[in-house]
Amino acid sequence: MTQNAHDTTLVAPPRPEAYATTQLPDTRPSVGRLIGVDLARGLAVFGMYAAHVGPDPSEGGSTGFFMELAHGRASALFAFLAGFSIVLITGRRTPKTGRAGRQAVAKVVIRALILLVLGTALTLTGTPVEVILAFYGLYFLLVLPLYRLGARPLAVIAVSGALILPQILYVVQQALNQGGDGGGPGGIWAWPTHADGIVSLLFTGGYPALAWIPFVVAGMAVARLDLASTVVRARLAVTGVSLAVVGHGGSYLALHLVPGVASALRASGWGEGGSVMSAWWSDTAGYPTGTTPAWLLAASPHSETTLSVVANTGVAIVVLAACLAATDTLPGFRRLAAPVIAVGTMSLTAYVFHIVAIRALGMEELPGFPLHVLLGFLVAVTVFATLWSRHFARGPLEWLLGRATRIAERVR
């Protein structure tokens, strides 16, 4: 299994009415904003499929380039949209209070616990994909105390987290590996065996919460904004592009101009699959070993560095802003994108479908399959989602998750 098998999916979107809880002084229908978010989810699902069952990016060419664009960035988009979902559940423009607030918090907690259990169960099947769902559930729990904050303080927390947490993660990982076996603490901290325990979920796993929380908080901040406003969307797009340029551009300059960085990466064993100089945007050179702090200047999607978090947050913001604008202003495009939107409405179902299919088909070395295999997965999930959405408002697993959270209505 390669670490490229990281890009996975998220959670059932809230009920459609959750997107319409805020009546904005705008004549455009709130359904446009709902569709835009679902389109972003659908694109993230397609990116995850490309990362897992598509050709290996190291093969090069135009196909390899587009496959590499999906790696890491799809999972970052999912984490970003996780924050969006939390705010939609707990009250988008105005946080819910009183009994409604307590019930909303209970719904988030229930969703988080279900994702923790489901993600652990899928991991225990032995799938070669490093499942994100358990990590995703932990993200929900960790950021829930922030749900009453406005866009500005959430943005400040997201920026602060991106600047500080990756460095803390590096120090913690070094401390955990001091024993030499790289295993870290055992016992309850590593339970269950063959799945992600507490230490893995927080620090050492494929999506360590310490480095991924900024994505979620950034999504919460964006969800607080007046996304019906053309000015807000334009500012979001500019902000996203700026973050992507700062993250990737800063890494490019560091790798090329800071003395000793490239040689330190090569000496650490990084770059065996390609030039370390590509680590400013690509995973093809391999993954950081942690043996040198020089890798903190990389921005490759799975490096969990400050520059990587900044760049991938920027990409996620640009994708969401584009989806919101396109679905709200271009009815023809909305109809054309309907199959992708349908997939986005049932992203949890789409995720579990691809995990089960990969396990059932005995697909072990990911990625690296021919392009027609990826197309087969995409066609299968799109056809299913399109047909299902014609008769049901939610995907099958989304419906079950909604039923499970109804217990929150008993909270007083």
# chains A, B, ... in the order shown; residues from 1 in each chain; ligands from 1

call {"tool": "residues_around", "arguments": {"residues": "A:Ala294", "least_positions_apart": "3", "cutoff": "7 Å", "atoms": "only C-alpha atoms", "output": "mmCIF file with all heavy atoms, in the first residue's frame"}}
result
data_model
loop_
_atom_site.group_PDB
_atom_site.id
_atom_site.type_symbol
_atom_site.label_atom_id
_atom_site.label_comp_id
_atom_site.auth_asym_id
_atom_site.auth_seq_id
_atom_site.Cartn_x
_atom_site.Cartn_y
_atom_site.Cartn_z
ATOM 1 N N VAL A 261 18.644 22.838 1.915
ATOM 2 C CA VAL A 261 17.352 22.172 2.045
ATOM 3 C C VAL A 261 17.257 20.965 1.115
ATOM 4 O O VAL A 261 16.919 19.856 1.545
ATOM 5 C CB VAL A 261 16.195 23.156 1.759
ATOM 6 C CG1 VAL A 261 14.865 22.402 1.680
ATOM 7 C CG2 VAL A 261 16.115 24.210 2.847
ATOM 8 N N ALA A 264 19.548 18.150 2.160
ATOM 9 C CA ALA A 264 19.089 17.491 3.385
ATOM 10 C C ALA A 264 17.956 16.521 3.085
ATOM 11 O O ALA A 264 17.893 15.425 3.656
ATOM 12 C CB ALA A 264 18.640 18.533 4.403
ATOM 13 N N LEU A 265 17.063 16.896 2.180
ATOM 14 C CA LEU A 265 15.975 16.003 1.799
ATOM 15 C C LEU A 265 16.498 14.769 1.091
ATOM 16 O O LEU A 265 16.037 13.654 1.342
ATOM 17 C CB LEU A 265 14.976 16.751 0.911
ATOM 18 C CG LEU A 265 14.205 17.906 1.574
ATOM 19 C CD1 LEU A 265 13.306 18.593 0.557
ATOM 20 C CD2 LEU A 265 13.384 17.396 2.741
ATOM 21 N N LEU A 297 9.655 22.549 4.959
ATOM 22 C CA LEU A 297 9.575 23.568 3.922
ATOM 23 C C LEU A 297 8.938 23.031 2.643
ATOM 24 O O LEU A 297 8.835 23.757 1.656
ATOM 25 C CB LEU A 297 10.973 24.121 3.618
ATOM 26 C CG LEU A 297 11.633 24.882 4.775
ATOM 27 C CD1 LEU A 297 13.052 25.304 4.389
ATOM 28 C CD2 LEU A 297 10.811 26.097 5.165
#

call {"tool": "residues_around", "arguments": {"residues": "A:Ala337", "least_positions_apart": "3", "cutoff": "12 Å", "atoms": "only C-alpha atoms", "output": "PyMOL selection string"}}
result
chain A and resi 35-36+38-40+42-43+323+326-327+330-334+340-344+382+386

call {"tool": "write_last_selection", "arguments": {"atoms": "N, CA, C and O atoms", "output": "mmCIF file, in the first residue's frame"}}
result
data_model
loop_
_atom_site.group_PDB
_atom_site.id
_atom_site.type_symbol
_atom_site.label_atom_id
_atom_site.label_comp_id
_atom_site.auth_asym_id
_atom_site.auth_seq_id
_atom_site.Cartn_x
_atom_site.Cartn_y
_atom_site.Cartn_z
ATOM 1 N N ILE A 35 -26.712 23.319 -3.941
ATOM 2 C CA ILE A 35 -26.166 22.583 -5.071
ATOM 3 C C ILE A 35 -24.671 22.845 -5.210
ATOM 4 O O ILE A 35 -23.898 21.939 -5.533
ATOM 5 N N GLY A 36 -24.241 24.069 -4.960
ATOM 6 C CA GLY A 36 -22.818 24.370 -5.060
ATOM 7 C C GLY A 36 -21.982 23.579 -4.078
ATOM 8 O O GLY A 36 -20.902 23.070 -4.427
ATOM 9 N N ASP A 38 -22.840 20.680 -2.746
ATOM 10 C CA ASP A 38 -22.879 19.286 -3.170
ATOM 11 C C ASP A 38 -21.992 19.039 -4.393
ATOM 12 O O ASP A 38 -21.411 17.964 -4.535
ATOM 13 N N LEU A 39 -21.902 20.024 -5.277
ATOM 14 C CA LEU A 39 -20.999 19.882 -6.418
ATOM 15 C C LEU A 39 -19.554 19.775 -5.951
ATOM 16 O O LEU A 39 -18.788 18.951 -6.455
ATOM 17 N N ALA A 40 -19.183 20.587 -4.971
ATOM 18 C CA ALA A 40 -17.827 20.511 -4.425
ATOM 19 C C ALA A 40 -17.577 19.138 -3.809
ATOM 20 O O ALA A 40 -16.499 18.550 -3.977
ATOM 21 N N GLY A 42 -19.079 16.355 -4.696
ATOM 22 C CA GLY A 42 -18.977 15.404 -5.787
ATOM 23 C C GLY A 42 -17.602 15.426 -6.434
ATOM 24 O O GLY A 42 -17.032 14.378 -6.748
ATOM 25 N N LEU A 43 -17.054 16.608 -6.634
ATOM 26 C CA LEU A 43 -15.713 16.719 -7.202
ATOM 27 C C LEU A 43 -14.670 16.096 -6.274
ATOM 28 O O LEU A 43 -13.710 15.468 -6.736
ATOM 29 N N CYS A 323 -17.695 26.505 -7.436
ATOM 30 C CA CYS A 323 -18.910 25.680 -7.482
ATOM 31 C C CYS A 323 -20.141 26.488 -7.106
ATOM 32 O O CYS A 323 -21.203 26.371 -7.731
ATOM 33 N N ALA A 326 -20.866 28.961 -10.054
ATOM 34 C CA ALA A 326 -21.318 28.313 -11.284
ATOM 35 C C ALA A 326 -22.741 27.790 -11.165
ATOM 36 O O ALA A 326 -23.565 27.974 -12.066
ATOM 37 N N THR A 327 -23.062 27.145 -10.052
ATOM 38 C CA THR A 327 -24.401 26.565 -9.910
ATOM 39 C C THR A 327 -25.463 27.616 -9.658
ATOM 40 O O THR A 327 -26.643 27.399 -9.954
ATOM 41 N N LEU A 330 -25.360 29.859 -13.491
ATOM 42 C CA LEU A 330 -25.382 29.191 -14.794
ATOM 43 C C LEU A 330 -26.320 27.982 -14.751
ATOM 44 O O LEU A 330 -25.889 26.858 -14.486
ATOM 45 N N PRO A 331 -27.591 28.190 -14.998
ATOM 46 C CA PRO A 331 -28.552 27.079 -14.970
ATOM 47 C C PRO A 331 -28.176 25.948 -15.919
ATOM 48 O O PRO A 331 -28.375 24.774 -15.598
ATOM 49 N N GLY A 332 -27.642 26.277 -17.077
ATOM 50 C CA GLY A 332 -27.231 25.245 -18.014
ATOM 51 C C GLY A 332 -26.117 24.383 -17.453
ATOM 52 O O GLY A 332 -26.135 23.158 -17.590
ATOM 53 N N PHE A 333 -25.162 25.010 -16.810
ATOM 54 C CA PHE A 333 -24.073 24.267 -16.180
ATOM 55 C C PHE A 333 -24.605 23.391 -15.060
ATOM 56 O O PHE A 333 -24.161 22.262 -14.870
ATOM 57 N N ARG A 334 -25.573 23.920 -14.314
ATOM 58 C CA ARG A 334 -26.158 23.155 -13.212
ATOM 59 C C ARG A 334 -26.771 21.855 -13.709
ATOM 60 O O ARG A 334 -26.607 20.805 -13.110
ATOM 61 N N VAL A 340 -22.730 14.800 -11.132
ATOM 62 C CA VAL A 340 -21.696 15.010 -10.111
ATOM 63 C C VAL A 340 -22.333 15.515 -8.819
ATOM 64 O O VAL A 340 -21.945 15.113 -7.725
ATOM 65 N N ILE A 341 -23.322 16.384 -8.950
ATOM 66 C CA ILE A 341 -24.042 16.895 -7.783
ATOM 67 C C ILE A 341 -24.734 15.748 -7.047
ATOM 68 O O ILE A 341 -24.739 15.702 -5.808
ATOM 69 N N ALA A 342 -25.310 14.821 -7.798
ATOM 70 C CA ALA A 342 -25.981 13.672 -7.175
ATOM 71 C C ALA A 342 -25.001 12.860 -6.337
ATOM 72 O O ALA A 342 -25.327 12.408 -5.235
ATOM 73 N N VAL A 343 -23.788 12.676 -6.850
ATOM 74 C CA VAL A 343 -22.759 11.964 -6.073
ATOM 75 C C VAL A 343 -22.439 12.735 -4.801
ATOM 76 O O VAL A 343 -22.280 12.153 -3.722
ATOM 77 N N GLY A 344 -22.374 14.066 -4.909
ATOM 78 C CA GLY A 344 -22.062 14.878 -3.737
ATOM 79 C C GLY A 344 -23.108 14.810 -2.651
ATOM 80 O O GLY A 344 -22.801 14.984 -1.476
ATOM 81 N N THR A 382 -21.689 7.203 -10.306
ATOM 82 C CA THR A 382 -22.503 8.289 -10.853
ATOM 83 C C THR A 382 -23.878 7.786 -11.285
ATOM 84 O O THR A 382 -24.903 8.436 -11.019
ATOM 85 N N THR A 386 -27.298 9.008 -9.503
ATOM 86 C CA THR A 386 -28.300 9.693 -10.319
ATOM 87 C C THR A 386 -29.649 9.004 -10.225
ATOM 88 O O THR A 386 -30.694 9.656 -10.036
#

call {"tool": "residues_around", "arguments": {"residues": "A:Phe377", "least_positions_apart": "5", "cutoff": "10 Å", "atoms": "only C-alpha atoms", "output": "ChimeraX atom specification"}}
result
/A:46,49-50,53-54,353-354,357-358,372,382

call {"tool": "write_last_selection", "arguments": {"atoms": "N, CA and C atoms", "output": "compact mmCIF listing (two decimals), in the first residue's frame"}}
result
# COMPACT_ATOMS: atom_id res chain seq x y z
N PHE A 46 -14.80 12.36 -6.76
CA PHE A 46 -14.11 11.98 -7.99
C PHE A 46 -12.59 12.06 -7.80
N TYR A 49 -11.51 9.00 -5.83
CA TYR A 49 -11.47 7.83 -6.68
C TYR A 49 -10.22 7.84 -7.56
N ALA A 50 -9.88 8.98 -8.11
CA ALA A 50 -8.69 9.09 -8.95
C ALA A 50 -7.43 8.75 -8.16
N VAL A 53 -7.85 4.50 -7.33
CA VAL A 53 -7.95 3.45 -8.35
C VAL A 53 -7.56 3.96 -9.74
N GLY A 54 -6.94 5.12 -9.80
CA GLY A 54 -6.47 5.64 -11.07
C GLY A 54 -5.02 5.30 -11.32
N PHE A 353 -18.94 2.63 -0.72
CA PHE A 353 -19.02 1.84 -1.95
C PHE A 353 -17.62 1.57 -2.50
N HIS A 354 -16.79 2.58 -2.56
CA HIS A 354 -15.47 2.37 -3.17
C HIS A 354 -14.55 1.55 -2.27
N ALA A 357 -15.77 -2.04 -2.69
CA ALA A 357 -15.42 -2.53 -4.02
C ALA A 357 -13.94 -2.86 -4.13
N ILE A 358 -13.10 -2.00 -3.59
CA ILE A 358 -11.66 -2.25 -3.62
C ILE A 358 -11.31 -3.52 -2.87
N HIS A 372 -9.06 2.89 -17.46
CA HIS A 372 -10.42 2.35 -17.63
C HIS A 372 -11.00 1.83 -16.31
N THR A 382 -21.69 7.20 -10.31
CA THR A 382 -22.50 8.29 -10.85
C THR A 382 -23.88 7.79 -11.28

call {"tool": "closest_atom_pairs", "arguments": {"of": "stretch 90-159 of chain A", "to": "stretch 211-215 of chain A", "cutoff": "10 Å", "atoms": "only C-alpha atoms", "output": "tab-separated table"}}
result
residue	atom	partner	partner_atom	distance
A:Phe135	CA	A:Trp212	CA	9.2
A:Tyr136	CA	A:Trp212	CA	9.5
A:Leu138	CA	A:Ile213	CA	9.6
A:Tyr139	CA	A:Ile213	CA	6.4
A:Phe140	CA	A:Ile213	CA	9.2
A:Leu142	CA	A:Ile213	CA	8.0
A:Val143	CA	A:Ile213	CA	7.6
A:Leu154	CA	A:Pro214	CA	9.6
A:Ala155	CA	A:Pro214	CA	9.1
A:Ile157	CA	A:Pro214	CA	7.7
A:Ala158	CA	A:Pro214	CA	4.6
A:Val159	CA	A:Pro214	CA	7.2

call {"tool": "residues_around", "arguments": {"residues": "A:Leu118", "least_positions_apart": "4", "cutoff": "9 Å", "atoms": "only C-alpha atoms", "output": "list in words"}}
result
Leu113, Ile114, Leu122, Thr123, Leu133 and Ala134 of chain A

call {"tool": "atom_distance", "arguments": {"atom1": "atom CA of A:Gly240", "atom2": "atom CA of A:Met67"}}
result
21.3 Å

call {"tool": "closest_residue", "arguments": {"among": "A:Leu243, A:Leu361, A:Ile132, A:Met48", "to": "A:His71", "atoms": "only C-alpha atoms"}}
result
A:Met48

call {"tool": "closest_residue", "arguments": {"among": "A:His302, A:Trp295, A:Val246, A:Leu144", "to": "A:Gly205", "atoms": "only C-alpha atoms"}}
result
A:His302

call {"tool": "closest_residue", "arguments": {"among": "A:Ala79, A:Thr120, A:Thr284, A:Arg233", "to": "A:Gly60", "atoms": "only C-alpha atoms"}}
result
A:Thr284

call {"tool": "residues_around", "arguments": {"residues": "A:Phe384", "least_positions_apart": "5", "cutoff": "12 Å", "atoms": "only C-alpha atoms", "output": "NGL selection string"}}
result
:A and (339-340 or 342-343 or 345-346 or 349-350 or 353 or 377-379 or 389-392 or 395-396)

call {"tool": "write_last_selection", "arguments": {"atoms": "all heavy atoms", "output": "tab-separated table (two decimals), in the first residue's frame"}}
result
chain	number	residue	atom	x	y	z
A	339	PRO	N	-25.19	14.97	-12.55
A	339	PRO	CA	-24.69	13.68	-12.07
A	339	PRO	C	-23.62	13.81	-10.99
A	339	PRO	O	-23.60	13.04	-10.02
A	339	PRO	CB	-24.13	13.03	-13.34
A	339	PRO	CG	-24.86	13.68	-14.46
A	339	PRO	CD	-25.06	15.09	-14.02
A	340	VAL	N	-22.73	14.80	-11.13
A	340	VAL	CA	-21.70	15.01	-10.11
A	340	VAL	C	-22.33	15.51	-8.82
A	340	VAL	O	-21.94	15.11	-7.73
A	340	VAL	CB	-20.65	16.01	-10.61
A	340	VAL	CG1	-19.52	16.16	-9.59
A	340	VAL	CG2	-20.08	15.57	-11.95
A	342	ALA	N	-25.31	14.82	-7.80
A	342	ALA	CA	-25.98	13.67	-7.18
A	342	ALA	C	-25.00	12.86	-6.34
A	342	ALA	O	-25.33	12.41	-5.24
A	342	ALA	CB	-26.62	12.79	-8.25
A	343	VAL	N	-23.79	12.68	-6.85
A	343	VAL	CA	-22.76	11.96	-6.07
A	343	VAL	C	-22.44	12.74	-4.80
A	343	VAL	O	-22.28	12.15	-3.72
A	343	VAL	CB	-21.49	11.76	-6.92
A	343	VAL	CG1	-20.36	11.17	-6.07
A	343	VAL	CG2	-21.77	10.85	-8.10
A	345	THR	N	-24.37	14.54	-3.01
A	345	THR	CA	-25.42	14.45	-2.00
A	345	THR	C	-25.32	13.17	-1.18
A	345	THR	O	-25.98	13.07	-0.14
A	345	THR	CB	-26.81	14.51	-2.65
A	345	THR	OG1	-26.99	13.37	-3.50
A	345	THR	CG2	-26.99	15.78	-3.45
A	346	MET	N	-24.56	12.21	-1.66
A	346	MET	CA	-24.42	10.94	-0.94
A	346	MET	C	-22.95	10.53	-0.88
A	346	MET	O	-22.57	9.42	-1.23
A	346	MET	CB	-25.28	9.85	-1.59
A	346	MET	CG	-25.06	9.62	-3.07
A	346	MET	SD	-26.28	8.46	-3.76
A	346	MET	CE	-27.74	9.51	-3.85
A	349	THR	N	-22.08	7.37	1.22
A	349	THR	CA	-22.39	6.15	0.48
A	349	THR	C	-21.34	5.89	-0.59
A	349	THR	O	-20.89	4.75	-0.77
A	349	THR	CB	-23.78	6.25	-0.17
A	349	THR	OG1	-24.77	6.38	0.86
A	349	THR	CG2	-24.10	5.04	-1.02
A	350	ALA	N	-20.95	6.93	-1.31
A	350	ALA	CA	-19.95	6.79	-2.36
A	350	ALA	C	-18.62	6.32	-1.78
A	350	ALA	O	-17.92	5.48	-2.38
A	350	ALA	CB	-19.76	8.11	-3.09
A	353	PHE	N	-18.94	2.63	-0.72
A	353	PHE	CA	-19.02	1.84	-1.95
A	353	PHE	C	-17.62	1.57	-2.50
A	353	PHE	O	-17.30	0.43	-2.86
A	353	PHE	CB	-19.85	2.60	-3.00
A	353	PHE	CG	-19.68	2.07	-4.40
A	353	PHE	CD1	-20.35	0.94	-4.82
A	353	PHE	CD2	-18.85	2.72	-5.30
A	353	PHE	CE1	-20.19	0.45	-6.12
A	353	PHE	CE2	-18.67	2.25	-6.59
A	353	PHE	CZ	-19.35	1.11	-7.01
A	377	PHE	N	-15.24	2.85	-12.07
A	377	PHE	CA	-15.69	3.26	-10.74
A	377	PHE	C	-16.53	4.53	-10.82
A	377	PHE	O	-17.59	4.64	-10.17
A	377	PHE	CB	-14.48	3.50	-9.83
A	377	PHE	CG	-14.04	2.30	-9.05
A	377	PHE	CD1	-13.36	1.26	-9.67
A	377	PHE	CD2	-14.30	2.20	-7.70
A	377	PHE	CE1	-12.94	0.15	-8.96
A	377	PHE	CE2	-13.89	1.09	-6.96
A	377	PHE	CZ	-13.21	0.06	-7.60
A	378	LEU	N	-16.06	5.50	-11.61
A	378	LEU	CA	-16.78	6.77	-11.71
A	378	LEU	C	-18.15	6.59	-12.33
A	378	LEU	O	-19.15	7.17	-11.86
A	378	LEU	CB	-15.96	7.77	-12.53
A	378	LEU	CG	-14.63	8.22	-11.93
A	378	LEU	CD1	-13.93	9.20	-12.88
A	378	LEU	CD2	-14.81	8.85	-10.56
A	379	VAL	N	-18.23	5.79	-13.38
A	379	VAL	CA	-19.51	5.55	-14.03
A	379	VAL	C	-20.46	4.84	-13.08
A	379	VAL	O	-21.65	5.19	-12.97
A	379	VAL	CB	-19.33	4.74	-15.32
A	379	VAL	CG1	-20.67	4.26	-15.86
A	379	VAL	CG2	-18.61	5.57	-16.38
A	389	SER	N	-31.13	9.34	-6.59
A	389	SER	CA	-31.60	10.68	-6.24
A	389	SER	C	-32.92	11.04	-6.92
A	389	SER	O	-33.59	11.99	-6.49
A	389	SER	CB	-30.53	11.72	-6.62
A	389	SER	OG	-30.30	11.73	-8.02
A	390	ARG	N	-33.29	10.32	-7.94
A	390	ARG	CA	-34.58	10.57	-8.59
A	390	ARG	C	-35.74	10.11	-7.73
A	390	ARG	O	-36.87	10.56	-7.91
A	390	ARG	CB	-34.63	9.86	-9.95
A	390	ARG	CG	-33.71	10.47	-11.00
A	390	ARG	CD	-33.83	9.73	-12.31
A	390	ARG	NE	-32.96	10.32	-13.33
A	390	ARG	CZ	-32.83	9.84	-14.56
A	390	ARG	NH1	-33.55	8.76	-14.94
A	390	ARG	NH2	-32.03	10.43	-15.43
A	391	HIS	N	-35.47	9.22	-6.80
A	391	HIS	CA	-36.55	8.65	-5.98
A	391	HIS	C	-36.41	8.96	-4.50
A	391	HIS	O	-37.39	8.87	-3.76
A	391	HIS	CB	-36.59	7.13	-6.17
A	391	HIS	CG	-36.76	6.70	-7.60
A	391	HIS	ND1	-37.97	6.75	-8.25
A	391	HIS	CD2	-35.86	6.23	-8.51
A	391	HIS	CE1	-37.83	6.32	-9.50
A	391	HIS	NE2	-36.57	6.00	-9.68
A	392	PHE	N	-35.19	9.31	-4.07
A	392	PHE	CA	-34.96	9.55	-2.64
A	392	PHE	C	-34.16	10.83	-2.46
A	392	PHE	O	-33.30	11.17	-3.27
A	392	PHE	CB	-34.20	8.37	-2.01
A	392	PHE	CG	-34.87	7.04	-2.21
A	392	PHE	CD1	-34.46	6.19	-3.24
A	392	PHE	CD2	-35.91	6.63	-1.39
A	392	PHE	CE1	-35.07	4.96	-3.43
A	392	PHE	CE2	-36.53	5.41	-1.58
A	392	PHE	CZ	-36.10	4.57	-2.61
A	395	GLY	N	-28.95	9.66	0.18
A	395	GLY	CA	-28.35	8.39	-0.12
A	395	GLY	C	-28.70	7.38	0.96
A	395	GLY	O	-29.12	7.76	2.06
A	396	PRO	N	-28.51	6.09	0.71
A	396	PRO	CA	-28.89	5.07	1.71
A	396	PRO	C	-28.18	5.23	3.04
A	396	PRO	O	-28.83	5.17	4.11
A	396	PRO	CB	-28.55	3.75	1.01
A	396	PRO	CG	-27.65	4.11	-0.13
A	396	PRO	CD	-28.01	5.50	-0.53

call {"tool": "closest_residue", "arguments": {"among": "A:Ala218, A:Pro293, A:Arg412, A:Ala338", "to": "A:Phe80", "atoms": "only C-alpha atoms"}}
result
A:Ala218

call {"tool": "closest_residue", "arguments": {"among": "A:His248, A:Leu320, A:Gly290, A:Ala279", "to": "A:Ala175", "atoms": "only C-alpha atoms"}}
result
A:Gly290

call {"tool": "residues_around", "arguments": {"residues": "A:Leu255", "least_positions_apart": "2", "cutoff": "8 Å", "atoms": "only C-alpha atoms", "output": "ChimeraX atom specification"}}
result
/A:251-253,257-258,261-262,277,280,297-298

call {"tool": "select_by_dssp", "arguments": {"residues": "stretch 105-297 of chain A", "states": "alpha helix (DSSP H)", "output": "VMD selection string"}}
result
chain A and resid 105 to 124 133 to 143 151 to 176 198 to 199 209 to 223 230 to 244 250 to 257 261 to 267

call {"tool": "atom_distance", "arguments": {"atom1": "atom CA of A:Met363", "atom2": "atom CA of A:Ala74"}}
result
20.6 Å

call {"tool": "residues_around", "arguments": {"residues": "stretch 307-312 of chain A", "least_positions_apart": "2", "cutoff": "7 Å", "atoms": "only C-alpha atoms", "output": "list in words"}}
result
Arg73, Ala76, Ala162, Leu243, Ala244, Val245, Val246, Gly247, His248, Ser251, Leu297, Ala298, Ala299, Ser300, Pro301, Ser303, Glu304, Thr305, Gly314, Val315 and Ala316 of chain A

call {"tool": "write_last_selection", "arguments": {"atoms": "N, CA, C and O atoms", "output": "CSV table (one decimal), in the first residue's frame"}}
result
chain,number,residue,atom,x,y,z
A,73,ARG,N,-5.3,16.8,-2.3
A,73,ARG,CA,-6.2,17.9,-2.4
A,73,ARG,C,-7.6,17.5,-2.2
A,73,ARG,O,-8.4,18.3,-1.7
A,76,ALA,N,-8.1,17.2,1.5
A,76,ALA,CA,-8.2,18.5,2.1
A,76,ALA,C,-9.5,19.2,1.9
A,76,ALA,O,-10.1,19.8,2.8
A,162,ALA,N,-2.7,26.7,11.4
A,162,ALA,CA,-1.8,26.3,10.2
A,162,ALA,C,-0.4,26.7,10.5
A,162,ALA,O,0.6,26.0,10.0
A,243,LEU,N,-3.7,32.1,-1.1
A,243,LEU,CA,-3.2,31.1,-0.2
A,243,LEU,C,-2.4,30.0,-1.0
A,243,LEU,O,-1.4,29.5,-0.5
A,244,ALA,N,-3.0,29.6,-2.1
A,244,ALA,CA,-2.3,28.5,-2.9
A,244,ALA,C,-1.0,29.0,-3.4
A,244,ALA,O,0.0,28.2,-3.4
A,245,VAL,N,-0.9,30.2,-3.8
A,245,VAL,CA,0.4,30.8,-4.3
A,245,VAL,C,1.4,30.9,-3.2
A,245,VAL,O,2.6,30.6,-3.3
A,246,VAL,N,0.9,31.4,-2.0
A,246,VAL,CA,1.8,31.5,-0.9
A,246,VAL,C,2.4,30.2,-0.4
A,246,VAL,O,3.6,30.0,-0.2
A,247,GLY,N,1.5,29.2,-0.4
A,247,GLY,CA,1.9,27.8,0.1
A,247,GLY,C,2.8,27.2,-0.9
A,247,GLY,O,4.0,26.8,-0.6
A,248,HIS,N,2.4,27.0,-2.1
A,248,HIS,CA,3.2,26.3,-3.1
A,248,HIS,C,4.4,27.2,-3.6
A,248,HIS,O,5.5,26.7,-3.7
A,251,SER,N,7.1,27.2,-0.9
A,251,SER,CA,7.8,26.0,-0.9
A,251,SER,C,8.8,25.9,-2.0
A,251,SER,O,9.9,25.5,-1.9
A,297,LEU,N,9.7,22.5,5.0
A,297,LEU,CA,9.6,23.6,3.9
A,297,LEU,C,8.9,23.0,2.6
A,297,LEU,O,8.8,23.8,1.7
A,298,ALA,N,8.5,21.8,2.6
A,298,ALA,CA,7.8,21.2,1.5
A,298,ALA,C,6.3,21.6,1.6
A,298,ALA,O,5.8,21.9,2.6
A,299,ALA,N,5.7,21.5,0.4
A,299,ALA,CA,4.2,21.7,0.4
A,299,ALA,C,3.5,20.6,-0.4
A,299,ALA,O,2.4,20.8,-0.8
A,300,SER,N,4.2,19.4,-0.5
A,300,SER,CA,3.5,18.3,-1.1
A,300,SER,C,2.3,18.0,-0.3
A,300,SER,O,2.2,18.1,0.9
A,301,PRO,N,1.2,17.5,-1.0
A,301,PRO,CA,-0.1,17.4,-0.3
A,301,PRO,C,-0.2,16.6,1.0
A,301,PRO,O,-1.0,16.9,1.8
A,303,SER,N,2.4,16.1,3.2
A,303,SER,CA,3.5,16.4,4.0
A,303,SER,C,3.1,16.9,5.4
A,303,SER,O,4.0,17.0,6.3
A,304,GLU,N,1.9,17.4,5.5
A,304,GLU,CA,1.4,17.9,6.8
A,304,GLU,C,2.3,19.1,7.3
A,304,GLU,O,2.5,19.1,8.5
A,305,THR,N,2.7,19.9,6.5
A,305,THR,CA,3.5,21.1,6.9
A,305,THR,C,2.6,22.3,6.8
A,305,THR,O,1.5,22.3,6.2
A,314,GLY,N,-6.2,26.9,0.4
A,314,GLY,CA,-6.4,27.8,-0.7
A,314,GLY,C,-7.1,27.1,-1.9
A,314,GLY,O,-8.1,27.6,-2.5
A,315,VAL,N,-6.7,25.9,-2.3
A,315,VAL,CA,-7.3,25.2,-3.3
A,315,VAL,C,-8.7,24.8,-3.0
A,315,VAL,O,-9.6,25.0,-3.8
A,316,ALA,N,-9.0,24.4,-1.7
A,316,ALA,CA,-10.4,24.1,-1.3
A,316,ALA,C,-11.3,25.3,-1.4
A,316,ALA,O,-12.4,25.2,-1.9

call {"tool": "closest_residue", "arguments": {"among": "A:Val373, A:Leu115, A:Ala44, A:Leu124", "to": "A:Leu397", "atoms": "only C-alpha atoms"}}
result
A:Leu115

call {"tool": "atom_distance", "arguments": {"atom1": "atom CA of A:Glu130", "atom2": "atom CA of A:Gly206"}}
result
6.7 Å
